[in-house]
$ cat input04.txt   # compact mmCIF, C-alpha atoms
# COMPACT_ATOMS: atom_id res chain seq x y z
CA MET F 169 0.00 0.00 0.00
CA SER F 170 1.49 3.39 -1.11
CA PHE F 171 0.81 6.76 0.36
CA SER F 172 2.81 8.60 -2.36
CA GLN F 173 -0.17 9.54 -4.53
CA ALA F 174 -2.04 11.16 -1.68
CA LEU F 175 1.08 12.88 -0.36
CA SER F 176 1.84 14.32 -3.80
CA GLY F 177 -1.76 15.51 -3.98
CA LEU F 178 -1.41 17.22 -0.60
CA ASN F 179 1.79 18.93 -1.71
CA ALA F 180 0.23 20.04 -4.99
CA ALA F 181 -2.87 21.39 -3.24
CA ARG F 182 -0.62 23.16 -0.72
CA ASP F 183 1.35 24.82 -3.54
CA GLN F 184 -1.87 25.80 -5.28
CA LEU F 185 -3.26 27.33 -2.09
CA GLY F 186 0.01 29.24 -1.69
CA VAL F 187 -0.26 30.70 -5.20
CA LEU F 188 -3.92 31.56 -4.68
CA GLY F 189 -3.12 33.16 -1.35
CA ASN F 190 -0.39 35.26 -2.98
CA ASN F 191 -2.79 36.35 -5.71
CA ILE F 192 -5.43 37.37 -3.18
CA ALA F 193 -2.87 39.15 -1.00
CA ASN F 194 -1.80 41.23 -4.05
CA SER F 195 -5.29 41.98 -5.32
CA GLN F 196 -4.66 45.69 -4.57
CA THR F 197 -1.03 45.82 -5.75
CA THR F 198 -0.59 48.20 -8.67
CA GLY F 199 0.52 46.41 -11.83
CA PHE F 200 0.49 42.95 -10.16
CA LYS F 201 0.08 39.93 -12.43
CA SER F 202 -1.64 36.86 -11.04
CA SER F 203 -0.16 33.37 -11.30
CA GLY F 204 -1.63 29.93 -11.87
CA VAL F 205 -0.32 26.46 -11.01
CA GLN F 206 0.25 23.89 -13.73
CA PHE F 207 0.03 20.21 -12.70
CA ALA F 208 1.38 17.05 -14.33
CA ASP F 209 0.75 13.42 -13.51
CA VAL F 210 3.65 11.12 -12.47
CA TYR F 211 4.29 7.66 -13.95
CA ALA F 212 7.35 5.46 -13.63
CA ASN F 213 6.85 2.50 -15.94
CA SER F 214 3.69 1.77 -14.06
CA LYS F 215 0.09 1.43 -15.10
CA VAL F 216 -0.96 3.07 -11.88
CA GLY F 217 0.21 6.66 -11.55
CA LEU F 218 2.40 7.73 -8.67
CA GLY F 219 0.50 10.95 -8.08
CA VAL F 220 0.86 14.53 -9.23
CA GLN F 221 3.59 17.13 -9.43
CA VAL F 222 3.69 20.89 -9.95
CA SER F 223 5.14 21.30 -13.42
CA GLY F 224 5.18 25.07 -13.37
CA ILE F 225 3.76 28.30 -12.04
CA LEU F 226 2.66 30.48 -14.93
CA GLN F 227 2.07 34.21 -14.67
CA ASP F 228 -0.88 35.86 -16.40
CA PHE F 229 0.28 39.06 -18.10
CA SER F 230 -3.15 40.16 -19.27
CA GLY F 231 -3.86 43.82 -18.55
CA GLY F 232 -5.54 45.06 -15.42
CA ASN F 233 -8.09 47.85 -15.30
CA LEU F 234 -6.86 51.42 -15.80
CA GLU F 235 -7.98 53.82 -13.09
CA SER F 236 -7.57 57.59 -13.20
CA THR F 237 -5.73 59.12 -10.24
CA GLY F 238 -5.35 62.76 -11.31
CA ARG F 239 -1.67 62.68 -10.27
CA ASP F 240 0.83 63.80 -12.92
CA MET F 241 3.48 61.25 -11.91
CA ASP F 242 1.16 58.21 -12.10
CA LEU F 243 1.59 56.23 -15.32
CA ALA F 244 -0.03 53.13 -16.77
CA ILE F 245 0.56 51.13 -19.93
CA SER F 246 -2.43 50.56 -22.18
CA GLY F 247 -1.42 47.47 -24.12
CA ASP F 248 1.77 45.43 -24.13
CA GLY F 249 5.10 46.41 -22.67
CA PHE F 250 6.94 47.16 -19.44
CA PHE F 251 8.53 50.22 -17.91
CA ARG F 252 12.32 49.89 -17.82
CA PHE F 253 13.94 50.69 -14.46
CA GLN F 254 17.50 50.85 -13.21
CA GLN F 255 17.66 49.42 -9.70
CA ALA F 256 20.93 48.91 -7.82
CA GLY F 257 22.83 48.85 -11.11
CA GLU F 258 20.55 46.22 -12.65
CA VAL F 259 17.80 46.63 -15.23
CA VAL F 260 14.36 45.46 -14.12
CA TYR F 261 10.91 45.74 -15.67
CA SER F 262 7.60 46.72 -14.14
CA ARG F 263 4.00 47.57 -14.95
CA ASN F 264 3.79 49.84 -11.90
CA GLY F 265 4.18 53.47 -12.95
CA GLN F 266 3.88 55.18 -9.58
CA LEU F 267 6.70 57.72 -9.80
CA THR F 268 8.04 60.55 -7.71
CA MET F 269 10.64 63.21 -8.47
CA THR F 270 13.74 63.49 -6.30
CA PRO F 271 15.26 66.89 -5.44
CA ASP F 272 17.83 66.42 -8.21
CA GLY F 273 15.13 65.70 -10.81
CA ARG F 274 15.32 61.91 -11.10
CA LEU F 275 12.04 60.04 -11.70
CA VAL F 276 11.98 57.05 -9.34
CA ASN F 277 9.53 54.50 -7.98
CA ALA F 278 8.92 53.65 -4.32
CA GLN F 279 12.01 51.43 -4.27
CA GLY F 280 14.22 54.24 -5.59
CA ALA F 281 14.66 52.66 -9.03
CA ASN F 282 15.16 55.18 -11.86
CA ILE F 283 12.81 54.99 -14.81
CA MET F 284 14.74 54.85 -18.07
CA GLY F 285 14.39 56.35 -21.51
CA TYR F 286 16.06 58.67 -23.98
CA GLY F 287 17.71 61.69 -22.37
CA LEU F 288 18.90 65.02 -23.72
CA LYS F 289 21.28 65.26 -26.66
CA ASP F 290 23.66 67.31 -24.52
CA PRO F 291 23.33 66.64 -20.77
CA ALA F 292 25.08 69.94 -20.12
CA ASN F 293 22.41 71.84 -22.10
CA ALA F 294 18.95 71.59 -20.56
CA PHE F 295 17.32 72.69 -23.84
CA SER F 296 19.30 70.62 -26.36
CA GLY F 297 16.34 68.39 -27.28
CA VAL F 298 15.73 64.68 -26.78
CA ALA F 299 18.23 62.21 -28.23
CA THR F 300 15.93 59.60 -29.75
CA GLY F 301 17.41 56.16 -30.15
CA GLY F 302 20.55 54.75 -28.62
CA GLN F 303 20.90 53.11 -25.23
CA PRO F 304 18.22 54.12 -22.68
CA THR F 305 19.50 55.92 -19.60
CA ALA F 306 18.00 57.04 -16.30
CA ILE F 307 15.86 60.12 -16.96
CA GLN F 308 16.62 63.29 -15.04
CA VAL F 309 14.58 66.49 -15.31
CA PRO F 310 16.70 69.68 -15.21
CA ALA F 311 15.35 72.57 -13.12
CA ASP F 312 16.96 75.29 -15.29
CA ASP F 313 14.93 78.38 -16.09
CA MET F 314 14.17 78.99 -19.74
CA ALA F 315 15.96 81.97 -21.28
CA ALA F 316 14.07 84.57 -23.27
CA SER F 317 13.93 84.26 -27.05
CA ALA F 318 13.53 87.25 -29.34
CA THR F 319 10.70 87.25 -31.86
CA THR F 320 12.01 86.53 -35.34
CA ARG F 321 8.82 85.53 -37.14
CA VAL F 322 5.17 86.51 -37.04
CA ASP F 323 2.59 84.61 -39.10
CA SER F 324 -0.58 86.63 -39.69
CA VAL F 325 -3.65 86.00 -41.80
CA TYR F 326 -6.06 88.88 -42.37
CA ASN F 327 -9.00 89.74 -44.52
CA LEU F 328 -8.94 93.33 -45.76
CA ASP F 329 -12.28 94.80 -46.79
CA ALA F 330 -12.37 95.08 -50.60
CA SER F 331 -15.53 97.20 -50.48
CA ILE F 332 -13.74 100.23 -48.98
CA ASP F 333 -13.77 103.27 -51.26
CA GLN F 334 -10.24 104.59 -50.99
CA THR F 335 -11.33 107.90 -52.53
CA ASP F 336 -13.67 108.69 -49.64
CA PRO F 337 -11.66 110.67 -47.04
CA ASN F 338 -14.39 110.13 -44.47
CA LEU F 339 -13.45 106.45 -44.28
CA LEU F 340 -9.88 107.21 -43.28
CA LYS F 341 -8.85 106.96 -39.65
CA LYS F 342 -5.96 109.01 -38.29
CA THR F 343 -3.38 108.66 -35.53
CA THR F 344 -0.18 110.45 -34.56
CA LEU F 345 2.94 108.46 -33.70
CA GLY F 346 6.38 109.32 -32.37
CA THR F 347 9.35 108.86 -34.66
CA GLY F 348 11.49 106.73 -32.37
CA LEU F 349 15.15 106.86 -31.46
CA ALA F 350 16.45 108.42 -34.64
CA ALA F 351 14.24 111.51 -34.38
CA PRO F 352 12.87 111.53 -30.83
CA ASN F 353 11.29 114.97 -31.01
CA GLU F 354 9.41 114.39 -34.22
CA ALA F 355 5.90 113.09 -34.82
CA ILE F 356 4.17 111.67 -37.86
CA ASP F 357 0.50 111.43 -38.83
CA ILE F 358 -0.74 108.04 -40.01
CA ASN F 359 -3.85 107.47 -42.17
CA TYR F 360 -5.35 104.00 -42.23
CA HIS F 361 -8.52 102.03 -42.84
CA TYR F 362 -7.74 99.10 -40.52
CA SER F 363 -5.21 98.43 -37.78
CA ASN F 364 -4.16 95.46 -35.69
CA SER F 365 -1.41 94.66 -33.20
CA PHE F 366 0.76 91.86 -31.83
CA ILE F 367 3.35 91.40 -29.07
CA ALA F 368 7.01 90.94 -29.99
CA TYR F 369 9.78 90.05 -27.53
CA ASP F 370 13.33 91.36 -27.59
CA SER F 371 16.45 89.38 -26.64
CA LEU F 372 15.96 90.22 -22.94
CA GLY F 373 12.38 88.99 -22.95
CA ASN F 374 10.79 92.48 -22.82
CA ALA F 375 7.39 92.62 -24.51
CA HIS F 376 6.81 95.28 -27.16
CA ASN F 377 3.51 96.25 -28.70
CA VAL F 378 3.72 96.26 -32.50
CA ASN F 379 0.88 97.96 -34.40
CA THR F 380 0.20 97.54 -38.10
CA TYR F 381 -1.83 100.09 -40.09
CA TYR F 382 -3.47 99.16 -43.40
CA GLU F 383 -4.47 101.90 -45.85
CA LYS F 384 -6.16 101.06 -49.14
CA THR F 385 -4.40 103.24 -51.71
CA GLN F 386 -6.03 101.92 -54.90
CA ASP F 387 -7.99 98.92 -56.11
CA ASN F 388 -6.29 95.70 -54.95
CA GLU F 389 -3.42 97.59 -53.29
CA TRP F 390 -2.84 98.42 -49.62
CA LYS F 391 -0.04 100.34 -47.92
CA VAL F 392 1.09 98.89 -44.58
CA ARG F 393 2.94 100.85 -41.87
CA THR F 394 4.26 99.45 -38.58
CA SER F 395 5.02 101.02 -35.23
CA ILE F 396 6.63 99.62 -32.08
CA ASP F 397 5.54 100.93 -28.68
CA GLY F 398 3.76 103.82 -30.41
CA LYS F 399 6.77 104.87 -32.49
CA VAL F 400 7.68 104.40 -36.12
CA ASN F 401 11.18 103.63 -37.33
CA VAL F 402 12.45 106.62 -39.31
CA ASP F 403 15.83 108.10 -40.17
CA ALA F 404 17.12 111.18 -38.39
CA GLY F 405 16.34 114.27 -40.43
CA ALA F 406 13.87 112.39 -42.62
CA PRO F 407 10.92 111.57 -40.37
CA THR F 408 8.59 110.94 -43.28
CA GLU F 409 10.66 108.05 -44.63
CA ASP F 410 9.69 104.99 -42.66
CA SER F 411 11.75 101.85 -43.33
CA ASN F 412 8.80 99.65 -42.29
CA VAL F 413 6.39 100.68 -45.03
CA PHE F 414 5.41 98.05 -47.60
CA THR F 415 2.56 97.23 -49.97
CA LEU F 416 0.11 94.37 -50.34
CA ASN F 417 -1.13 93.56 -53.84
CA PHE F 418 -4.12 91.30 -54.53
CA ASP F 419 -5.43 89.74 -57.71
CA GLU F 420 -9.01 89.99 -59.00
CA ASN F 421 -9.99 86.98 -56.86
CA GLY F 422 -8.97 88.58 -53.60
CA GLN F 423 -5.80 86.54 -53.17
CA LEU F 424 -2.27 87.83 -52.75
CA GLU F 425 -0.61 88.09 -56.15
CA ARG F 426 1.48 85.16 -57.31
CA THR F 427 4.26 84.78 -59.85
CA ASN F 428 5.01 81.30 -61.15
CA GLY F 429 3.02 79.89 -58.26
CA ASP F 430 4.91 81.80 -55.55
CA ILE F 431 3.31 84.56 -53.48
CA THR F 432 4.71 87.94 -54.52
CA GLY F 433 1.93 90.17 -53.20
CA VAL F 434 3.82 91.20 -50.04
CA ASN F 435 6.33 93.66 -51.41
CA GLY F 436 7.37 91.10 -54.01
CA SER F 437 7.42 88.15 -51.62
CA ASP F 438 5.22 86.34 -49.07
CA LYS F 439 6.70 88.31 -46.18
CA PHE F 440 8.27 91.61 -45.22
CA THR F 441 11.18 91.85 -42.78
CA LEU F 442 10.49 94.50 -40.15
CA SER F 443 13.35 96.38 -38.50
CA LEU F 444 12.06 97.45 -35.10
CA PRO F 445 14.32 99.57 -32.83
CA VAL F 446 14.47 99.08 -29.06
CA ASP F 447 16.36 101.13 -26.47
CA ASN F 448 16.47 99.00 -23.33
CA GLY F 449 19.80 97.23 -23.64
CA ALA F 450 18.50 94.34 -25.76
CA ALA F 451 19.99 93.39 -29.09
CA GLU F 452 18.56 95.83 -31.59
CA PRO F 453 16.93 96.38 -33.86
CA LEU F 454 14.42 93.53 -33.73
CA SER F 455 14.42 91.81 -37.10
CA VAL F 456 11.04 90.16 -37.59
CA ASP F 457 9.79 88.30 -40.66
CA PHE F 458 6.18 89.42 -41.00
CA VAL F 459 4.61 86.57 -43.01
CA LEU F 460 1.20 87.33 -44.53
CA ALA F 461 0.62 84.20 -46.63
CA GLY F 462 -3.11 83.41 -46.65
CA THR F 463 -4.22 87.02 -46.29
CA THR F 464 -7.22 87.87 -48.51
CA GLN F 465 -9.12 90.88 -49.80
CA PHE F 466 -12.85 90.14 -49.84
CA ALA F 467 -15.84 92.41 -49.38
CA ASN F 468 -16.19 91.50 -45.73
CA GLN F 469 -15.21 93.43 -42.64
CA SER F 470 -11.46 93.70 -42.13
CA ALA F 471 -10.39 91.28 -39.44
CA ALA F 472 -7.51 89.13 -38.24
CA LYS F 473 -8.08 85.41 -38.82
CA SER F 474 -4.95 84.12 -37.07
CA LEU F 475 -1.75 85.49 -35.60
CA THR F 476 1.21 83.68 -34.06
CA GLN F 477 4.74 84.72 -33.16
CA ASN F 478 7.73 82.67 -32.05
CA GLY F 479 9.23 84.82 -29.29
CA TYR F 480 8.77 84.56 -25.53
CA THR F 481 10.03 85.98 -22.27
CA SER F 482 12.08 84.00 -19.74
CA GLY F 483 10.28 81.42 -17.62
CA ALA F 484 10.68 79.36 -14.47
CA LEU F 485 9.83 75.66 -14.26
CA VAL F 486 6.29 75.29 -12.89
CA GLY F 487 5.38 71.67 -13.62
CA VAL F 488 6.19 68.35 -15.26
CA THR F 489 3.79 66.08 -17.14
CA ILE F 490 4.21 62.94 -19.24
CA GLU F 491 2.62 62.52 -22.67
CA ASP F 492 1.12 59.38 -24.25
CA ASP F 493 4.34 58.74 -26.18
CA GLY F 494 6.39 58.92 -22.96
CA SER F 495 7.73 62.45 -23.51
CA VAL F 496 8.58 64.07 -20.17
CA MET F 497 7.44 67.66 -20.66
CA ARG F 498 8.60 70.63 -18.58
CA HIS F 499 6.16 73.53 -18.38
CA PHE F 500 7.38 77.04 -17.72
CA SER F 501 5.81 80.22 -16.41
CA ASN F 502 6.13 81.82 -19.88
CA GLU F 503 3.64 79.25 -21.24
CA GLN F 504 6.36 77.37 -23.09
CA SER F 505 6.99 73.62 -22.80
CA ARG F 506 10.13 71.61 -23.51
CA ALA F 507 10.90 67.90 -23.33
CA ALA F 508 13.41 66.66 -20.77
CA GLY F 509 13.47 63.09 -22.11
CA GLN F 510 11.26 60.29 -23.37
CA ILE F 511 10.32 57.21 -21.37
CA VAL F 512 10.74 53.98 -23.34
CA LEU F 513 8.91 50.67 -23.04
CA ALA F 514 10.35 47.18 -23.32
CA ASN F 515 8.66 44.00 -24.44
CA PHE F 516 9.64 40.34 -24.70
CA ARG F 517 8.85 37.57 -27.11
CA ASN F 518 7.94 35.38 -24.12
CA ALA F 519 6.90 37.58 -21.22
CA GLU F 520 5.90 34.47 -19.26
CA GLY F 521 9.60 33.62 -19.06
CA LEU F 522 10.40 36.71 -16.97
CA LYS F 523 11.65 36.09 -13.45
CA PRO F 524 9.71 37.78 -10.63
CA GLU F 525 12.05 39.82 -8.45
CA GLY F 526 9.53 41.28 -6.02
CA ASP F 527 8.81 44.99 -5.56
CA ASN F 528 6.56 44.84 -8.66
CA ALA F 529 9.55 44.01 -10.87
CA TRP F 530 10.73 41.25 -13.19
CA SER F 531 14.11 40.51 -14.72
CA ALA F 532 14.91 39.04 -18.12
CA THR F 533 15.93 35.39 -18.47
CA ASN F 534 16.95 33.08 -21.30
CA ALA F 535 13.34 31.90 -21.37
CA SER F 536 11.97 35.42 -21.87
CA GLY F 537 14.44 36.31 -24.59
CA GLN F 538 16.12 39.65 -25.18
CA GLU F 539 14.24 42.88 -24.54
CA LEU F 540 12.72 44.78 -27.44
CA VAL F 541 12.96 48.49 -26.59
CA GLY F 542 11.00 51.24 -28.28
CA VAL F 543 8.87 54.33 -27.93
CA ALA F 544 5.33 53.92 -26.61
CA GLY F 545 2.72 53.53 -29.33
CA THR F 546 5.09 52.04 -31.90
CA GLY F 547 5.16 48.46 -33.11
CA LEU F 548 3.58 46.09 -30.60
CA LEU F 549 4.16 48.45 -27.67
CA GLY F 550 1.20 50.01 -25.90
CA THR F 551 0.69 53.66 -25.10
CA ILE F 552 1.44 55.42 -21.84
CA GLU F 553 -1.57 56.82 -19.99
CA GLY F 554 -0.81 59.77 -17.72
CA LYS F 555 -2.55 60.36 -14.39
CA THR F 556 -3.57 56.70 -14.48
CA LEU F 557 -2.55 53.45 -12.79
CA GLU F 558 -3.06 49.82 -13.80
CA THR F 559 -4.76 47.80 -11.11
CA SER F 560 -3.93 44.18 -10.29
CA ASN F 561 -5.38 41.69 -12.77
CA VAL F 562 -6.42 39.35 -9.95
CA ASP F 563 -10.08 38.29 -10.30
CA MET F 564 -11.21 37.83 -6.71
CA ALA F 565 -14.27 35.75 -7.65
CA ASP F 566 -12.17 33.28 -9.65
CA GLU F 567 -9.53 33.13 -6.92
CA LEU F 568 -12.08 32.36 -4.20
CA VAL F 569 -13.70 29.61 -6.30
CA SER F 570 -10.28 28.13 -7.08
CA MET F 571 -9.42 28.26 -3.39
CA ILE F 572 -12.53 26.24 -2.52
CA VAL F 573 -11.59 23.67 -5.17
CA ALA F 574 -8.00 23.47 -3.86
CA GLN F 575 -9.31 23.08 -0.30
CA ARG F 576 -11.57 20.23 -1.35
CA ALA F 577 -8.67 18.57 -3.18
CA TYR F 578 -6.53 18.86 -0.04
CA GLN F 579 -9.30 17.34 2.08
CA ALA F 580 -9.88 14.53 -0.42
CA ASN F 581 -6.18 13.65 -0.49
CA SER F 582 -6.18 13.66 3.32
CA GLN F 583 -9.12 11.29 3.23
CA THR F 584 -7.19 9.02 0.86
CA ILE F 585 -4.35 8.81 3.40
CA LYS F 586 -6.80 8.11 6.19
CA THR F 587 -8.46 5.32 4.21
CA GLN F 588 -5.14 3.75 3.27
CA ASP F 589 -4.06 3.94 6.90
CA GLU F 590 -7.19 2.08 8.00
CA ILE F 591 -6.63 -0.61 5.37
CA LEU F 592 -3.00 -0.95 6.46
CA GLN F 593 -4.05 -1.33 10.10
CA THR F 594 -6.55 -4.00 9.11
CA ALA F 595 -3.85 -5.91 7.23
CA ILE F 596 -1.45 -5.63 10.18
CA ASN F 597 -4.08 -6.94 12.54
CA LEU F 598 -4.69 -10.08 10.47
CA ARG F 599 -3.42 -13.20 12.19
$ encode --input "input04.txt" --output "structure tokens"
Amino acid sequence: MSFSQALSGLNAARDQLGVLGNNIANSQTTGFKSSGVQFADVYANSKVGLGVQVSGILQDFSGGNLESTGRDMDLAISGDGFFRFQQAGEVVYSRNGQLTMTPDGRLVNAQGANIMGYGLKDPANAFSGVATGGQPTAIQVPADDMAASATTRVDSVYNLDASIDQTDPNLLKKTTLGTGLAAPNEAIDINYHYSNSFIAYDSLGNAHNVNTYYEKTQDNEWKVRTSIDGKVNVDAGAPTEDSNVFTLNFDENGQLERTNGDITGVNGSDKFTLSLPVDNGAAEPLSVDFVLAGTTQFANQSAAKSLTQNGYTSGALVGVTIEDDGSVMRHFSNEQSRAAGQIVLANFRNAEGLKPEGDNAWSATNASGQELVGVAGTGLLGTIEGKTLETSNVDMADELVSMIVAQRAYQANSQTIKTQDEILQTAINLR
């Protein structure tokens, strides 16, 4: 009489209960992946089996639910892939994206492991741009303030009212402007039918108000004058000769004139370069390409359709967020944003071959194969969801049912031992 079958059954049920207990214990662990026990029967050249053995414990890498947290440093992966961390000099992988920022700008998890990705092209230059590709490194967010950038280009799209009768003096508006640094005691009268303004920044980040005045001089032709901070740019001794005067010419369809397909209606081009003087220690004059491509002349009220410029004042770092593609974005008080790096994801041909290391991390093995690293949202890699965490994929209902089944199996194997013991005692007592 052999007790081996029942003993193997007890051991297998014990291992299964251990796995189930671990699953249930981690039902609230962020990014946890449940495990299941695989069993195999045991034969040794015998018609009657010798019991059961645990052939493997297989992890289930199906995704958990994604729950919004509202916290900028909480990340989840929607789809396949793992975050890549550097922990104690070793590379580990995790689905838990609960990050914090250290005083020196490193993005770490609760265990102090650094999340990895593509850093800056020049680590010594906080605004050198992200170096895509290459070997991932630990991401560090610089705290440097952003320097001011002078305006060099303004893109404007207007409609100028074609119905204006340029011969009617009652339609003209008038204003008087100073003549700037070259002739500070002079003044000049400006006639116009429509005016608009935009802000331009000098090299020190000072904001300057730039006004543009549009006067219809004849059919399909407009004269444009520009002032900065209420002053026009004129030469000393010749206050009537403004270097920032140019013309707009339109065709019969209300579009800027073209020659061989290229816009030539803005003083022979699609733009006019303004020379705007400043007197506050900044580099001067401001040289600004005033691009008017898309401007029209239709019989509708004159109005600005769009206006953008590329300058800005200096700014301090006010926040950090992470985009769906893993870009770590710094936001500054001047409403500008710049990337400090890009978090990468890693995937494996056989994720089930990864070795659990604890602390929500796995390490690569020969069974898992080599890591496949890439940017989120490319290839088979999922996307990164900001302000979101992935919950454990443990199904409590399934675990509790499986636990009942494992308990019954344990009890049944115990009963087998008890029955075999009784039979053995009966055989011993035979005389």
$ closest_atom_pairs --input "input04.txt" --of "range 208-278 of chain F" --to "range 304-314 of chain F" --cutoff "7 Å" --atoms "all atoms listed in the file" --output "JSON lines"
{"residue": "F:Gln254", "atom": "CA", "partner": "F:Ala306", "partner_atom": "CA", "distance": 6.9}
{"residue": "F:Gly273", "atom": "CA", "partner": "F:Val309", "partner_atom": "CA", "distance": 4.6}
{"residue": "F:Arg274", "atom": "CA", "partner": "F:Gln308", "partner_atom": "CA", "distance": 4.4}
{"residue": "F:Leu275", "atom": "CA", "partner": "F:Ile307", "partner_atom": "CA", "distance": 6.5}
$ residues_around --input "input04.txt" --residues "Thr268 in chain F" --least-positions-apart "4" --cutoff "9 Å" --atoms "all atoms listed in the file" --output "PyMOL selection string"
chain F and resi 241-242+274-278
$ residues_around --input "input04.txt" --residues "range 585-589 of chain F" --least-positions-apart "6" --cutoff "12 Å" --atoms "all atoms listed in the file" --output "list in words"
Met169, Ser170, Phe171, Ser172, Gln173, Ala174, Leu175, Ser176, Gly177, Leu178, Tyr578, Gln579, Ala595 and Ile596 of chain F
$ residues_near_point --input "input04.txt" --point "(-2.5, 36.0, -18.8)" --cutoff "10 Å" --atoms "all atoms listed in the file" --output "tab-separated table (two decimals) with C-alpha atoms, in the coordinates of the input"
chain	number	residue	atom	x	y	z
F	201	LYS	CA	0.08	39.93	-12.43
F	202	SER	CA	-1.64	36.86	-11.04
F	203	SER	CA	-0.16	33.37	-11.30
F	204	GLY	CA	-1.63	29.93	-11.87
F	226	LEU	CA	2.66	30.48	-14.93
F	227	GLN	CA	2.07	34.21	-14.67
F	228	ASP	CA	-0.88	35.86	-16.40
F	229	PHE	CA	0.28	39.06	-18.10
F	230	SER	CA	-3.15	40.16	-19.27
F	231	GLY	CA	-3.86	43.82	-18.55
F	519	ALA	CA	6.90	37.58	-21.22
F	520	GLU	CA	5.90	34.47	-19.26
F	561	ASN	CA	-5.38	41.69	-12.77
$ atom_distance --input "input04.txt" --atom1 "CA of Leu513 in chain F" --atom2 "CA of Ser195 in chain F"
24.3 Å
$ atom_distance --input "input04.txt" --atom1 "CA of Ala580 in chain F" --atom2 "CA of Gly186 in chain F"
17.8 Å
$ residues_around --input "input04.txt" --residues "Ala484 in chain F" --least-positions-apart "3" --cutoff "12 Å" --atoms "only C-alpha atoms" --output "list in words"
Pro310, Ala311, Asp312, Asp313, Met314, Ala315, Ala316, Thr481, Gly487, Val488, Arg498, His499, Phe500, Ser501, Asn502, Glu503, Gln504, Ser505 and Arg506 of chain F
$ atom_distance --input "input04.txt" --atom1 "CA of Tyr286 in chain F" --atom2 "CA of Ala244 in chain F"
18.5 Å
$ closest_atom_pairs --input "input04.txt" --of "range 383-441 of chain F" --to "range 338-347 of chain F" --cutoff "6 Å" --atoms "all atoms listed in the file" --output "tab-separated table"
residue	atom	partner	partner_atom	distance
F:Gly398	CA	F:Leu345	CA	5.7
F:Lys399	CA	F:Gly346	CA	4.5
F:Val400	CA	F:Thr347	CA	5.0
$ residues_around --input "input04.txt" --residues "Gln279 in chain F" --least-positions-apart "3" --cutoff "12 Å" --atoms "all atoms listed in the file" --output "list in words"
Phe253, Gln254, Gln255, Ala256, Val260, Ser262, Asn264, Gly265, Gln266, Leu267, Thr268, Leu275, Val276, Asn282, Ile283, Gly526, Asp527, Asn528 and Ala529 of chain F
$ residues_around --input "input04.txt" --residues "Ser317 in chain F" --least-positions-apart "4" --cutoff "6 Å" --atoms "only C-alpha atoms" --output "JSON, numbers by chain"
{"F": [371, 479, 480]}
$ closest_residue --input "input04.txt" --among "F:Val434, F:Leu328, F:Ala535, F:Met564" --to "Ala472 in chain F" --atoms "all atoms listed in the file"
F:Leu328
$ closest_residue --input "input04.txt" --among "F:Asp563, F:Asp336, F:Asp370, F:Glu539" --to "Leu454 in chain F" --atoms "all atoms listed in the file"
F:Asp370
$ closest_atom_pairs --input "input04.txt" --of "range 452-534 of chain F" --to "range 436-447 of chain F" --cutoff "6 Å" --atoms "all atoms listed in the file" --output "tab-separated table"
residue	atom	partner	partner_atom	distance
F:Glu452	CA	F:Pro445	CA	5.8
F:Pro453	CA	F:Pro445	CA	4.2
F:Leu454	CA	F:Leu444	CA	4.8
F:Ser455	CA	F:Ser443	CA	4.9
F:Val456	CA	F:Leu442	CA	5.1
F:Asp457	CA	F:Thr441	CA	4.4
F:Phe458	CA	F:Phe440	CA	5.2
F:Val459	CA	F:Lys439	CA	4.2
F:Leu460	CA	F:Lys439	CA	5.8
F:Ala461	CA	F:Asp438	CA	5.6
$ axis_aligned_box --input "input04.txt" --around "range 427-446 of chain F" --padding-each-side "8 Å" --output "AutoDock Vina command-line options"
--center_x 8.2 --center_y 89.7 --center_z -45.1 --size_x 28.5 --size_y 35.7 --size_z 48.1
